[in-house]
Amino acid sequence: MTEPARILVVGGGYVGMYTALHLQRKLRSGEAEVVVVTPDPYMTYQPFLPEAAAGSISPRHVVVPLRRVLDKCKIVIGEAKSIDHAKRTATITTLATEEEGTGAVEITYDELVLAPGSVSRTLPIPGLADYGIGFKTVEEAIGLRNHVIEQMDIASTTRDPAVRDAALTFVFVGGGYAGVEALGELEDMARYATRYYHNVKPADMKWILVEASGRILPEVGEEMGKYAIRELRGRNIDVRLETRLDSCADRVAVLSDGSRFPTRTVVWTAGVKPHPVLAASDLPLNERGRLTATAGLTVEGTEHAWAAGDAAAVPDLTASEKGKECAPNAQHAVRQAKVLAENILASLRGEPLKDYEHKYVGSVASLGLHRGVAHVYGRKLKGYPAWLMHRAYHLSRVPTFNRKARVLAEWTLAGLFKREIVSLGSLEHPRAEFELAAGGKPPKTK
């Protein structure tokens, strides 16, 4: 008897989880084993991060536990540091290897699915590393919620006008989905929270959106993007197009138009870049550092290597212009994962592969409670109908019936009761009180 093939899936995001899920359902007994290497034991449904930050959804319902969903796969919580595909080995570090001090370990494989996703793309801006806040993980979303409410608490108790002004100034950099939706939801939450502060009013707060290009939300089209700008500015949100963040050192946001804003909050959502493990592999990359993939989701010119999602430059067969690639978004990633899994099975069984082909149907975006924009199947919606479509679409796409039911229940309860405006900032430093009691120093807060 031959040994079952080992399929190594690097990444537990959309592509990694859905590929492994399709494989475990369709693999025959003893045909192959699936090993998933991922830094976190869960998959984050990122479109729900803004609502988690605003308190509309519980953080634990934004994530999908991989061990429960992928019960027939082997889950390794660790990080791939490098890949030598010529030798069919991946170098992995885990919590255990760090604890043991023995260094990284090597995992061998027969088939490789490289789907590590992307990481935040930062620039060498003074002060960004010290004061910037990202918005790609559920931890960052909840940390940002706690931070915003904490700033309101500071503003309501300080006697220093300069400290108050900086605490109530919130700068978001990046006019894509993450930046616009996060700003819209958090501004909505903060404005609601002011009714419980005796000396903080909505007009006291400054919300600033900084975008380097001449438009926001390009995925929903120019017309809906302009509507989104009008909607945000109608809420006294300062939208600055063709503007860059030059510095945020010393808690002062300096913009390329010469504006200076003392602020304690700079949220960075200005794009992503490929995961570093791609550069630490011997697989072919394009000029932007993404894996060069074929329409069959194989790595070009390489056998037994597969790629999809943010990490891969997959040709868009539905595009009218030659050479266009599929956008690195969830809509493509989920569909690519299914085709990828089917092609791996076909490869193992000596059957022909099929190409990935899906016409992009459009986009939806939330601008806060009961506000949104949508451009789907050529139809343009705005306001409440677009917001409702945004929720319906993402409810249908969040993995597992368990998560769908819990999210729907939370939305229903949120419509019946008042918002929660509690900050649990101490969750970020759970040992702080004990350390202080034991004679240690309190942690520094931003």
# chains A, B, ... in the order shown; residues from 1 in each chain; ligands from 1

$ residues_around --residues "A:Thr93" --least-positions-apart "2" --cutoff "6 Å" --atoms "only C-alpha atoms" --output "ChimeraX atom specification"
/A:78-79,104

$ select_by_dssp --residues "stretch 38-242 of chain A" --states "strand (DSSP E or B)" --output "short mmCIF file (atom, residue, chain, number, x, y, z; two decimals) with all heavy atoms, in the first residue's frame"
data_model
loop_
_atom_site.label_atom_id
_atom_site.label_comp_id
_atom_site.auth_asym_id
_atom_site.auth_seq_id
_atom_site.Cartn_x
_atom_site.Cartn_y
_atom_site.Cartn_z
N THR A 38 -1.33 27.58 10.39
CA THR A 38 -1.91 28.92 10.51
C THR A 38 -1.49 29.56 11.83
O THR A 38 -1.38 28.86 12.85
CB THR A 38 -3.44 28.85 10.41
OG1 THR A 38 -4.00 30.14 10.68
CG2 THR A 38 -4.03 27.85 11.40
N TYR A 42 -8.22 30.20 14.33
CA TYR A 42 -9.52 30.60 13.81
C TYR A 42 -9.36 31.36 12.50
O TYR A 42 -8.29 31.88 12.19
CB TYR A 42 -10.27 31.49 14.82
CG TYR A 42 -9.47 32.67 15.32
CD1 TYR A 42 -9.32 33.83 14.54
CD2 TYR A 42 -8.85 32.62 16.56
CE1 TYR A 42 -8.57 34.90 15.00
CE2 TYR A 42 -8.09 33.69 17.03
CZ TYR A 42 -7.96 34.82 16.24
OH TYR A 42 -7.21 35.88 16.69
N MET A 43 -10.44 31.38 11.73
CA MET A 43 -10.50 32.22 10.53
C MET A 43 -11.32 33.44 10.86
O MET A 43 -12.39 33.36 11.45
CB MET A 43 -11.17 31.44 9.39
CG MET A 43 -11.17 32.20 8.05
SD MET A 43 -12.54 33.34 7.83
CE MET A 43 -13.61 32.38 6.80
N THR A 44 -10.80 34.62 10.51
CA THR A 44 -11.49 35.88 10.79
C THR A 44 -12.32 36.30 9.58
O THR A 44 -11.80 36.39 8.47
CB THR A 44 -10.49 37.00 11.12
OG1 THR A 44 -9.69 36.59 12.24
CG2 THR A 44 -11.21 38.30 11.46
N VAL A 63 -15.18 35.26 14.28
CA VAL A 63 -14.16 34.26 13.97
C VAL A 63 -14.78 32.87 13.93
O VAL A 63 -15.79 32.60 14.58
CB VAL A 63 -13.00 34.30 14.99
CG1 VAL A 63 -12.31 35.66 14.96
CG2 VAL A 63 -13.50 34.01 16.41
N VAL A 64 -14.15 32.00 13.14
CA VAL A 64 -14.62 30.61 12.97
C VAL A 64 -13.53 29.68 13.48
O VAL A 64 -12.41 29.69 12.95
CB VAL A 64 -14.91 30.31 11.49
CG1 VAL A 64 -15.41 28.88 11.32
CG2 VAL A 64 -15.92 31.31 10.93
N PRO A 65 -13.80 28.88 14.53
CA PRO A 65 -12.77 27.99 15.07
C PRO A 65 -12.39 26.88 14.08
O PRO A 65 -13.24 26.10 13.67
CB PRO A 65 -13.43 27.41 16.33
CG PRO A 65 -14.90 27.57 16.11
CD PRO A 65 -15.07 28.77 15.26
N LYS A 74 -5.41 18.04 10.14
CA LYS A 74 -4.46 18.29 11.22
C LYS A 74 -4.16 19.78 11.25
O LYS A 74 -3.72 20.35 10.25
CB LYS A 74 -3.18 17.49 11.00
CG LYS A 74 -2.14 17.70 12.10
CD LYS A 74 -0.88 16.90 11.83
CE LYS A 74 0.16 17.15 12.91
NZ LYS A 74 1.42 16.39 12.65
N ILE A 75 -4.44 20.42 12.36
CA ILE A 75 -4.23 21.86 12.51
C ILE A 75 -2.93 22.10 13.28
O ILE A 75 -2.76 21.59 14.39
CB ILE A 75 -5.40 22.54 13.25
CG1 ILE A 75 -6.73 22.18 12.59
CG2 ILE A 75 -5.20 24.05 13.30
CD1 ILE A 75 -6.88 22.67 11.17
N VAL A 76 -2.03 22.86 12.69
CA VAL A 76 -0.77 23.23 13.35
C VAL A 76 -0.78 24.74 13.54
O VAL A 76 -0.79 25.50 12.57
CB VAL A 76 0.45 22.81 12.50
CG1 VAL A 76 1.74 23.26 13.18
CG2 VAL A 76 0.46 21.31 12.27
N ILE A 77 -0.80 25.17 14.79
CA ILE A 77 -0.77 26.61 15.08
C ILE A 77 0.68 27.07 15.06
O ILE A 77 1.46 26.78 15.97
CB ILE A 77 -1.43 26.91 16.45
CG1 ILE A 77 -2.84 26.35 16.49
CG2 ILE A 77 -1.44 28.42 16.69
CD1 ILE A 77 -3.75 26.83 15.38
N GLY A 78 1.02 27.72 14.00
CA GLY A 78 2.40 28.16 13.81
C GLY A 78 2.51 29.05 12.60
O GLY A 78 1.50 29.42 11.98
N GLU A 79 3.70 29.39 12.24
CA GLU A 79 3.93 30.30 11.12
C GLU A 79 4.99 29.74 10.20
O GLU A 79 6.05 29.31 10.64
CB GLU A 79 4.35 31.68 11.65
CG GLU A 79 4.30 32.74 10.58
CD GLU A 79 4.39 34.14 11.16
OE1 GLU A 79 4.37 34.28 12.40
OE2 GLU A 79 4.50 35.10 10.38
N ALA A 80 4.67 29.74 8.90
CA ALA A 80 5.64 29.28 7.90
C ALA A 80 6.66 30.40 7.68
O ALA A 80 6.30 31.52 7.34
CB ALA A 80 4.93 28.93 6.61
N LYS A 81 7.92 30.09 7.88
CA LYS A 81 8.98 31.08 7.73
C LYS A 81 9.62 31.02 6.34
O LYS A 81 10.05 32.05 5.81
CB LYS A 81 10.05 30.86 8.80
CG LYS A 81 9.57 31.14 10.21
CD LYS A 81 9.16 32.60 10.37
CE LYS A 81 8.78 32.93 11.80
NZ LYS A 81 8.37 34.34 11.96
N SER A 82 9.71 29.83 5.77
CA SER A 82 10.27 29.68 4.43
C SER A 82 9.78 28.38 3.82
O SER A 82 9.32 27.48 4.53
CB SER A 82 11.81 29.70 4.47
OG SER A 82 12.29 28.59 5.21
N ILE A 83 9.89 28.32 2.49
CA ILE A 83 9.43 27.14 1.77
C ILE A 83 10.47 26.77 0.71
O ILE A 83 10.89 27.63 -0.08
CB ILE A 83 8.07 27.38 1.11
CG1 ILE A 83 6.99 27.54 2.18
CG2 ILE A 83 7.70 26.25 0.15
CD1 ILE A 83 5.66 28.01 1.66
N ASP A 84 10.90 25.52 0.73
CA ASP A 84 11.80 25.00 -0.29
C ASP A 84 11.01 23.98 -1.09
O ASP A 84 10.98 22.80 -0.76
CB ASP A 84 13.03 24.36 0.37
CG ASP A 84 14.10 23.98 -0.65
OD1 ASP A 84 13.75 23.86 -1.85
OD2 ASP A 84 15.26 23.78 -0.25
N THR A 89 9.63 20.93 1.29
CA THR A 89 9.66 21.15 2.73
C THR A 89 9.28 22.59 3.06
O THR A 89 9.57 23.51 2.30
CB THR A 89 11.06 20.87 3.32
OG1 THR A 89 12.01 21.75 2.71
CG2 THR A 89 11.47 19.43 3.12
N ALA A 90 8.64 22.77 4.20
CA ALA A 90 8.31 24.09 4.72
C ALA A 90 8.88 24.21 6.12
O ALA A 90 8.76 23.28 6.92
CB ALA A 90 6.79 24.29 4.75
N THR A 91 9.52 25.34 6.40
CA THR A 91 10.10 25.58 7.72
C THR A 91 9.07 26.31 8.57
O THR A 91 8.60 27.39 8.20
CB THR A 91 11.38 26.41 7.60
OG1 THR A 91 12.31 25.72 6.74
CG2 THR A 91 12.02 26.62 8.96
N ILE A 92 8.73 25.73 9.71
CA ILE A 92 7.62 26.21 10.54
C ILE A 92 8.11 26.51 11.95
O ILE A 92 8.90 25.75 12.52
CB ILE A 92 6.50 25.15 10.62
CG1 ILE A 92 6.10 24.65 9.23
CG2 ILE A 92 5.30 25.69 11.37
CD1 ILE A 92 5.45 25.67 8.36
N THR A 93 7.63 27.61 12.53
CA THR A 93 7.83 27.86 13.96
C THR A 93 6.47 27.78 14.65
O THR A 93 5.46 28.21 14.09
CB THR A 93 8.44 29.25 14.22
OG1 THR A 93 7.60 30.26 13.67
CG2 THR A 93 9.82 29.36 13.61
N THR A 94 6.44 27.21 15.82
CA THR A 94 5.21 27.08 16.60
C THR A 94 5.44 27.60 18.01
O THR A 94 6.57 27.94 18.39
CB THR A 94 4.76 25.61 16.68
OG1 THR A 94 5.72 24.87 17.46
CG2 THR A 94 4.65 24.98 15.29
N VAL A 105 11.05 23.91 12.80
CA VAL A 105 10.99 22.51 12.35
C VAL A 105 10.58 22.49 10.88
O VAL A 105 10.01 23.44 10.36
CB VAL A 105 9.97 21.70 13.19
CG1 VAL A 105 10.42 21.64 14.64
CG2 VAL A 105 8.57 22.30 13.09
N GLU A 106 10.89 21.38 10.24
CA GLU A 106 10.53 21.23 8.83
C GLU A 106 9.38 20.25 8.67
O GLU A 106 9.35 19.21 9.34
CB GLU A 106 11.74 20.74 8.01
CG GLU A 106 12.81 21.80 7.81
CD GLU A 106 13.87 21.36 6.81
OE1 GLU A 106 13.90 20.16 6.47
OE2 GLU A 106 14.66 22.22 6.37
N ILE A 107 8.42 20.61 7.82
CA ILE A 107 7.31 19.74 7.48
C ILE A 107 7.43 19.39 6.00
O ILE A 107 7.59 20.27 5.16
CB ILE A 107 5.95 20.41 7.75
CG1 ILE A 107 5.77 20.65 9.26
CG2 ILE A 107 4.80 19.57 7.22
CD1 ILE A 107 4.45 21.30 9.61
N THR A 108 7.38 18.11 5.72
CA THR A 108 7.43 17.68 4.32
C THR A 108 6.01 17.58 3.77
O THR A 108 5.05 17.43 4.52
CB THR A 108 8.14 16.33 4.18
OG1 THR A 108 7.42 15.35 4.95
CG2 THR A 108 9.57 16.42 4.68
N GLU A 111 1.79 17.96 -1.83
CA GLU A 111 1.09 19.04 -2.52
C GLU A 111 1.09 20.26 -1.60
O GLU A 111 0.84 20.13 -0.40
CB GLU A 111 -0.36 18.65 -2.86
CG GLU A 111 -0.50 17.41 -3.71
CD GLU A 111 -0.14 17.65 -5.17
OE1 GLU A 111 -0.14 18.83 -5.60
OE2 GLU A 111 0.14 16.67 -5.89
N LEU A 112 1.34 21.43 -2.17
CA LEU A 112 1.39 22.66 -1.38
C LEU A 112 0.30 23.63 -1.82
O LEU A 112 0.17 23.93 -3.01
CB LEU A 112 2.76 23.34 -1.56
CG LEU A 112 2.91 24.74 -0.94
CD1 LEU A 112 2.89 24.65 0.58
CD2 LEU A 112 4.19 25.42 -1.42
N VAL A 113 -0.48 24.09 -0.86
CA VAL A 113 -1.44 25.17 -1.11
C VAL A 113 -0.94 26.39 -0.34
O VAL A 113 -0.94 26.39 0.89
CB VAL A 113 -2.86 24.79 -0.63
CG1 VAL A 113 -3.82 25.96 -0.84
CG2 VAL A 113 -3.36 23.55 -1.36
N LEU A 114 -0.49 27.38 -1.07
CA LEU A 114 0.10 28.55 -0.42
C LEU A 114 -0.94 29.68 -0.42
O LEU A 114 -1.23 30.28 -1.44
CB LEU A 114 1.36 28.98 -1.17
CG LEU A 114 2.34 29.91 -0.45
CD1 LEU A 114 2.64 29.42 0.96
CD2 LEU A 114 3.63 30.04 -1.24
N SER A 118 -2.41 38.37 3.24
CA SER A 118 -1.60 39.58 3.12
C SER A 118 -1.39 40.20 4.49
O SER A 118 -2.02 39.81 5.48
CB SER A 118 -2.30 40.59 2.20
OG SER A 118 -3.62 40.85 2.66
N VAL A 119 -0.51 41.17 4.54
CA VAL A 119 -0.25 41.92 5.78
C VAL A 119 -0.38 43.40 5.46
O VAL A 119 -0.40 43.81 4.30
CB VAL A 119 1.16 41.61 6.34
CG1 VAL A 119 1.29 40.15 6.72
CG2 VAL A 119 2.25 41.98 5.33
N SER A 120 -0.50 44.22 6.49
CA SER A 120 -0.66 45.65 6.28
C SER A 120 0.55 46.23 5.56
O SER A 120 1.70 45.90 5.88
CB SER A 120 -0.84 46.37 7.63
OG SER A 120 -2.05 46.00 8.23
N GLY A 132 0.46 54.39 15.34
CA GLY A 132 -0.55 53.91 14.41
C GLY A 132 -1.28 52.68 14.93
O GLY A 132 -0.73 51.87 15.69
N ILE A 133 -2.53 52.53 14.51
CA ILE A 133 -3.37 51.38 14.86
C ILE A 133 -3.82 50.72 13.56
O ILE A 133 -4.34 51.39 12.67
CB ILE A 133 -4.59 51.80 15.68
CG1 ILE A 133 -4.17 52.56 16.94
CG2 ILE A 133 -5.46 50.60 16.06
CD1 ILE A 133 -5.33 53.20 17.69
N THR A 169 -9.97 63.84 18.48
CA THR A 169 -9.63 63.91 17.06
C THR A 169 -9.21 62.52 16.60
O THR A 169 -8.26 61.93 17.14
CB THR A 169 -8.50 64.92 16.81
OG1 THR A 169 -8.91 66.22 17.25
CG2 THR A 169 -8.16 64.99 15.33
N PHE A 170 -9.90 61.99 15.59
CA PHE A 170 -9.67 60.63 15.12
C PHE A 170 -9.33 60.67 13.62
O PHE A 170 -10.14 61.12 12.81
CB PHE A 170 -10.91 59.77 15.36
CG PHE A 170 -11.39 59.80 16.78
CD1 PHE A 170 -12.40 60.68 17.17
CD2 PHE A 170 -10.84 58.97 17.73
CE1 PHE A 170 -12.86 60.72 18.48
CE2 PHE A 170 -11.28 59.00 19.05
CZ PHE A 170 -12.28 59.88 19.43
N VAL A 171 -8.13 60.22 13.27
CA VAL A 171 -7.65 60.27 11.90
C VAL A 171 -7.58 58.85 11.33
O VAL A 171 -6.92 57.98 11.91
CB VAL A 171 -6.26 60.93 11.82
CG1 VAL A 171 -5.76 60.95 10.38
CG2 VAL A 171 -6.31 62.35 12.40
N PHE A 172 -8.27 58.64 10.21
CA PHE A 172 -8.25 57.35 9.52
C PHE A 172 -7.55 57.54 8.17
O PHE A 172 -7.93 58.43 7.39
CB PHE A 172 -9.67 56.83 9.29
CG PHE A 172 -10.33 56.30 10.53
CD1 PHE A 172 -10.67 57.15 11.58
CD2 PHE A 172 -10.61 54.94 10.67
CE1 PHE A 172 -11.28 56.67 12.72
CE2 PHE A 172 -11.21 54.45 11.82
CZ PHE A 172 -11.55 55.31 12.85
N VAL A 173 -6.56 56.72 7.90
CA VAL A 173 -5.79 56.83 6.65
C VAL A 173 -6.14 55.66 5.75
O VAL A 173 -5.90 54.50 6.11
CB VAL A 173 -4.28 56.86 6.93
CG1 VAL A 173 -3.51 57.07 5.63
CG2 VAL A 173 -3.94 57.96 7.93
N LYS A 206 -13.71 65.41 16.12
CA LYS A 206 -13.25 65.59 14.73
C LYS A 206 -12.91 64.21 14.16
O LYS A 206 -12.06 63.51 14.71
CB LYS A 206 -12.01 66.47 14.68
CG LYS A 206 -12.20 67.89 15.16
CD LYS A 206 -10.87 68.64 15.13
CE LYS A 206 -10.98 70.02 15.76
NZ LYS A 206 -9.65 70.68 15.85
N TRP A 207 -13.57 63.86 13.07
CA TRP A 207 -13.29 62.61 12.37
C TRP A 207 -12.75 62.97 10.99
O TRP A 207 -13.39 63.68 10.23
CB TRP A 207 -14.56 61.76 12.26
CG TRP A 207 -15.07 61.31 13.59
CD1 TRP A 207 -15.85 62.02 14.46
CD2 TRP A 207 -14.82 60.06 14.23
NE1 TRP A 207 -16.10 61.29 15.60
CE2 TRP A 207 -15.48 60.07 15.47
CE3 TRP A 207 -14.11 58.91 13.87
CZ2 TRP A 207 -15.45 58.99 16.36
CZ3 TRP A 207 -14.08 57.83 14.74
CH2 TRP A 207 -14.74 57.87 15.97
N ILE A 208 -11.56 62.46 10.68
CA ILE A 208 -10.87 62.86 9.46
C ILE A 208 -10.50 61.61 8.67
O ILE A 208 -9.87 60.68 9.21
CB ILE A 208 -9.60 63.67 9.79
CG1 ILE A 208 -9.96 64.90 10.62
CG2 ILE A 208 -8.88 64.09 8.50
CD1 ILE A 208 -8.80 65.47 11.40
N LEU A 209 -10.90 61.57 7.40
CA LEU A 209 -10.53 60.48 6.50
C LEU A 209 -9.53 61.01 5.47
O LEU A 209 -9.82 61.96 4.74
CB LEU A 209 -11.77 59.93 5.79
CG LEU A 209 -11.52 58.82 4.76
CD1 LEU A 209 -10.94 57.57 5.45
CD2 LEU A 209 -12.80 58.46 4.03
N VAL A 210 -8.37 60.39 5.42
CA VAL A 210 -7.28 60.82 4.53
C VAL A 210 -7.09 59.77 3.43
O VAL A 210 -6.85 58.60 3.72
CB VAL A 210 -5.97 61.01 5.31
CG1 VAL A 210 -4.85 61.45 4.38
CG2 VAL A 210 -6.15 62.00 6.44
N ILE A 237 -17.88 64.66 8.91
CA ILE A 237 -16.62 63.93 8.78
C ILE A 237 -15.79 64.63 7.70
O ILE A 237 -16.26 64.86 6.59
CB ILE A 237 -16.87 62.46 8.43
CG1 ILE A 237 -17.61 61.76 9.58
CG2 ILE A 237 -15.56 61.75 8.13
CD1 ILE A 237 -18.07 60.36 9.26
N ASP A 238 -14.57 64.95 8.03
CA ASP A 238 -13.67 65.68 7.14
C ASP A 238 -13.00 64.68 6.19
O ASP A 238 -12.09 63.96 6.58
CB ASP A 238 -12.62 66.43 7.97
CG ASP A 238 -11.74 67.35 7.13
OD1 ASP A 238 -11.86 67.31 5.89
OD2 ASP A 238 -10.96 68.11 7.72
N VAL A 239 -13.47 64.63 4.94
CA VAL A 239 -12.90 63.72 3.93
C VAL A 239 -11.90 64.49 3.09
O VAL A 239 -12.26 65.46 2.42
CB VAL A 239 -14.00 63.12 3.04
CG1 VAL A 239 -13.38 62.17 2.01
CG2 VAL A 239 -15.03 62.38 3.88
N ARG A 240 -10.64 64.07 3.11
CA ARG A 240 -9.58 64.77 2.38
C ARG A 240 -9.02 63.85 1.30
O ARG A 240 -8.33 62.87 1.60
CB ARG A 240 -8.48 65.21 3.34
CG ARG A 240 -9.02 66.11 4.45
CD ARG A 240 -8.00 67.04 4.97
NE ARG A 240 -8.62 67.99 5.90
CZ ARG A 240 -8.10 69.16 6.24
NH1 ARG A 240 -6.94 69.55 5.69
NH2 ARG A 240 -8.71 69.95 7.09
#

$ residues_around --residues "A:Ser156" --least-positions-apart "2" --cutoff "9 Å" --atoms "only C-alpha atoms" --output "compact mmCIF listing (two decimals) with N, CA, C and O atoms, in the first residue's frame"
# COMPACT_ATOMS: atom_id res chain seq x y z
N GLN A 151 -10.63 57.42 24.87
CA GLN A 151 -10.34 58.81 24.53
C GLN A 151 -11.50 59.73 24.95
O GLN A 151 -11.28 60.87 25.38
N MET A 152 -12.72 59.23 24.81
CA MET A 152 -13.87 60.02 25.24
C MET A 152 -13.86 60.19 26.76
O MET A 152 -14.21 61.26 27.28
N ASP A 153 -13.43 59.15 27.47
CA ASP A 153 -13.30 59.24 28.92
C ASP A 153 -12.23 60.27 29.31
O ASP A 153 -12.41 61.05 30.25
N ILE A 154 -11.12 60.26 28.58
CA ILE A 154 -10.06 61.23 28.85
C ILE A 154 -10.57 62.65 28.61
O ILE A 154 -10.36 63.57 29.43
N THR A 158 -10.43 65.58 31.58
CA THR A 158 -9.23 66.42 31.60
C THR A 158 -9.59 67.90 31.77
O THR A 158 -10.67 68.35 31.38
N ARG A 159 -8.66 68.63 32.35
CA ARG A 159 -8.82 70.08 32.47
C ARG A 159 -7.98 70.82 31.42
O ARG A 159 -8.03 72.04 31.36
N ARG A 164 -7.82 67.47 25.61
CA ARG A 164 -9.20 67.17 25.21
C ARG A 164 -9.34 67.19 23.68
O ARG A 164 -9.94 66.29 23.10
N TYR A 197 -22.35 61.21 28.22
CA TYR A 197 -21.29 62.08 28.75
C TYR A 197 -21.87 63.48 28.93
O TYR A 197 -22.46 64.04 28.01
N HIS A 198 -21.68 64.03 30.12
CA HIS A 198 -22.30 65.33 30.40
C HIS A 198 -21.60 66.48 29.70
O HIS A 198 -22.18 67.56 29.53
N ASN A 199 -20.34 66.28 29.29
CA ASN A 199 -19.59 67.41 28.72
C ASN A 199 -18.92 67.07 27.39
O ASN A 199 -17.97 67.73 26.99
N VAL A 200 -19.37 66.02 26.70
CA VAL A 200 -18.86 65.68 25.37
C VAL A 200 -20.04 65.61 24.41
O VAL A 200 -20.98 64.85 24.63

$ closest_atom_pairs --of "stretch 213-311 of chain A" --to "stretch 365-380 of chain A" --cutoff "7 Å" --atoms "only C-alpha atoms" --output "JSON lines"
{"residue": "A:Val220", "atom": "CA", "partner": "A:His375", "partner_atom": "CA", "distance": 5.2}
{"residue": "A:Met224", "atom": "CA", "partner": "A:Val373", "partner_atom": "CA", "distance": 6.2}
{"residue": "A:Ala228", "atom": "CA", "partner": "A:Val373", "partner_atom": "CA", "distance": 6.9}

$ write_last_selection --atoms "N, CA and C atoms" --output "PDB file, in the first residue's frame"
ATOM      1  N   VAL A 220     -17.182  50.241  -5.551  1.00  0.00           N
ATOM      2  CA  VAL A 220     -18.618  50.458  -5.741  1.00  0.00           C
ATOM      3  C   VAL A 220     -18.911  51.424  -6.880  1.00  0.00           C
ATOM      4  N   MET A 224     -21.346  55.967  -6.748  1.00  0.00           N
ATOM      5  CA  MET A 224     -21.610  55.584  -5.363  1.00  0.00           C
ATOM      6  C   MET A 224     -20.482  56.076  -4.438  1.00  0.00           C
ATOM      7  N   ALA A 228     -20.984  58.372  -1.182  1.00  0.00           N
ATOM      8  CA  ALA A 228     -20.409  58.052   0.133  1.00  0.00           C
ATOM      9  C   ALA A 228     -19.704  59.264   0.726  1.00  0.00           C
TER      10      ALA A 228
END

$ closest_residue --among "A:Met17, A:Val69, A:Val35, A:Pro262" --to "A:Asn402" --atoms "only C-alpha atoms"
A:Val69

$ select_by_dssp --residues "stretch 211-379 of chain A" --states "alpha helix (DSSP H)" --output "number ranges by chain"
A: 222-234, 276-279, 330-348

$ closest_residue --among "A:Arg191, A:Arg419, A:Arg28, A:His390" --to "A:Ala5" --atoms "only C-alpha atoms"
A:Arg28

$ atom_distance --atom1 "atom CA of A:Leu340" --atom2 "atom CA of A:Tyr14"
12.2 Å

$ residues_around --residues "A:Thr318" --least-positions-apart "5" --cutoff "7 Å" --atoms "only C-alpha atoms" --output "list of chain:residue names"
A:Glu357, A:His358, A:Lys359

$ residues_around --residues "A:Glu219" --least-positions-apart "6" --cutoff "10 Å" --atoms "only C-alpha atoms" --output "PDB file with C-alpha atoms, in the first residue's frame"
ATOM      1  CA  GLY A 176     -10.950  51.571   0.923  1.00  0.00           C
ATOM      2  CA  TYR A 177     -13.429  49.216   2.565  1.00  0.00           C
ATOM      3  CA  GLY A 225     -18.165  56.717  -4.179  1.00  0.00           C
ATOM      4  CA  ALA A 327      -9.120  41.337  -7.463  1.00  0.00           C
ATOM      5  CA  GLY A 362     -20.269  44.049  -7.533  1.00  0.00           C
ATOM      6  CA  SER A 363     -19.677  45.382  -4.052  1.00  0.00           C
ATOM      7  CA  VAL A 364     -21.513  46.539  -0.937  1.00  0.00           C
ATOM      8  CA  ALA A 365     -20.219  48.803   1.839  1.00  0.00           C
ATOM      9  CA  ALA A 374     -23.965  49.120  -3.163  1.00  0.00           C
ATOM     10  CA  HIS A 375     -23.275  48.435  -6.810  1.00  0.00           C
TER      11      HIS A 375
END

$ closest_residue --among "A:Ala54, A:Leu416, A:Val15, A:Val422" --to "A:Pro328" --atoms "only C-alpha atoms"
A:Val15

$ residues_around --residues "stretch 115-117 of chain A" --least-positions-apart "3" --cutoff "12 Å" --atoms "only C-alpha atoms" --output "PyMOL selection string"
chain A and resi 8-20+36-40+43-44+78-82+112+120+136+272-279+290-291+293+297-299+305-313+328-330+333-334+336-337+340

$ atom_distance --atom1 "atom CA of A:Tyr227" --atom2 "atom CA of A:Glu321"
28.1 Å

$ residues_around --residues "A:Gly30" --least-positions-apart "3" --cutoff "12 Å" --atoms "only C-alpha atoms" --output "PyMOL selection string"
chain A and resi 1-6+24+26-27+33-34+72

$ closest_residue --among "A:Thr194, A:Ser56, A:Thr157, A:Asn236" --to "A:Ile142" --atoms "only C-alpha atoms"
A:Ser56

$ closest_residue --among "A:Ala129, A:Cys326, A:Leu217, A:Met205" --to "A:Arg251" --atoms "only C-alpha atoms"
A:Ala129

$ closest_residue --among "A:Gly143, A:Gly214, A:Gly289, A:Gly134" --to "A:Ala270" --atoms "only C-alpha atoms"
A:Gly134

$ decode --residues "stretch 101-108 of chain A" --atoms "N, CA and C atoms" --output "PDB file, in the first residue's frame"
ATOM      1  N   GLY A 101      12.936  26.261  22.581  1.00  0.00           N
ATOM      2  CA  GLY A 101      14.185  26.892  22.166  1.00  0.00           C
ATOM      3  C   GLY A 101      14.985  26.056  21.192  1.00  0.00           C
ATOM      4  N   THR A 102      14.291  25.161  20.479  1.00  0.00           N
ATOM      5  CA  THR A 102      14.987  24.248  19.560  1.00  0.00           C
ATOM      6  C   THR A 102      15.025  24.771  18.128  1.00  0.00           C
ATOM      7  N   GLY A 103      14.400  25.927  17.883  1.00  0.00           N
ATOM      8  CA  GLY A 103      14.383  26.467  16.532  1.00  0.00           C
ATOM      9  C   GLY A 103      13.239  25.913  15.714  1.00  0.00           C
ATOM     10  N   ALA A 104      13.188  26.324  14.468  1.00  0.00           N
ATOM     11  CA  ALA A 104      12.089  25.928  13.590  1.00  0.00           C
ATOM     12  C   ALA A 104      12.183  24.448  13.220  1.00  0.00           C
ATOM     13  N   VAL A 105      11.048  23.909  12.795  1.00  0.00           N
ATOM     14  CA  VAL A 105      10.987  22.513  12.353  1.00  0.00           C
ATOM     15  C   VAL A 105      10.585  22.488  10.882  1.00  0.00           C
ATOM     16  N   GLU A 106      10.886  21.380  10.235  1.00  0.00           N
ATOM     17  CA  GLU A 106      10.533  21.232   8.831  1.00  0.00           C
ATOM     18  C   GLU A 106       9.376  20.250   8.675  1.00  0.00           C
ATOM     19  N   ILE A 107       8.425  20.615   7.817  1.00  0.00           N
ATOM     20  CA  ILE A 107       7.312  19.737   7.481  1.00  0.00           C
ATOM     21  C   ILE A 107       7.429  19.387   6.000  1.00  0.00           C
ATOM     22  N   THR A 108       7.382  18.107   5.715  1.00  0.00           N
ATOM     23  CA  THR A 108       7.426  17.682   4.317  1.00  0.00           C
ATOM     24  C   THR A 108       6.010  17.578   3.766  1.00  0.00           C
TER      25      THR A 108
END
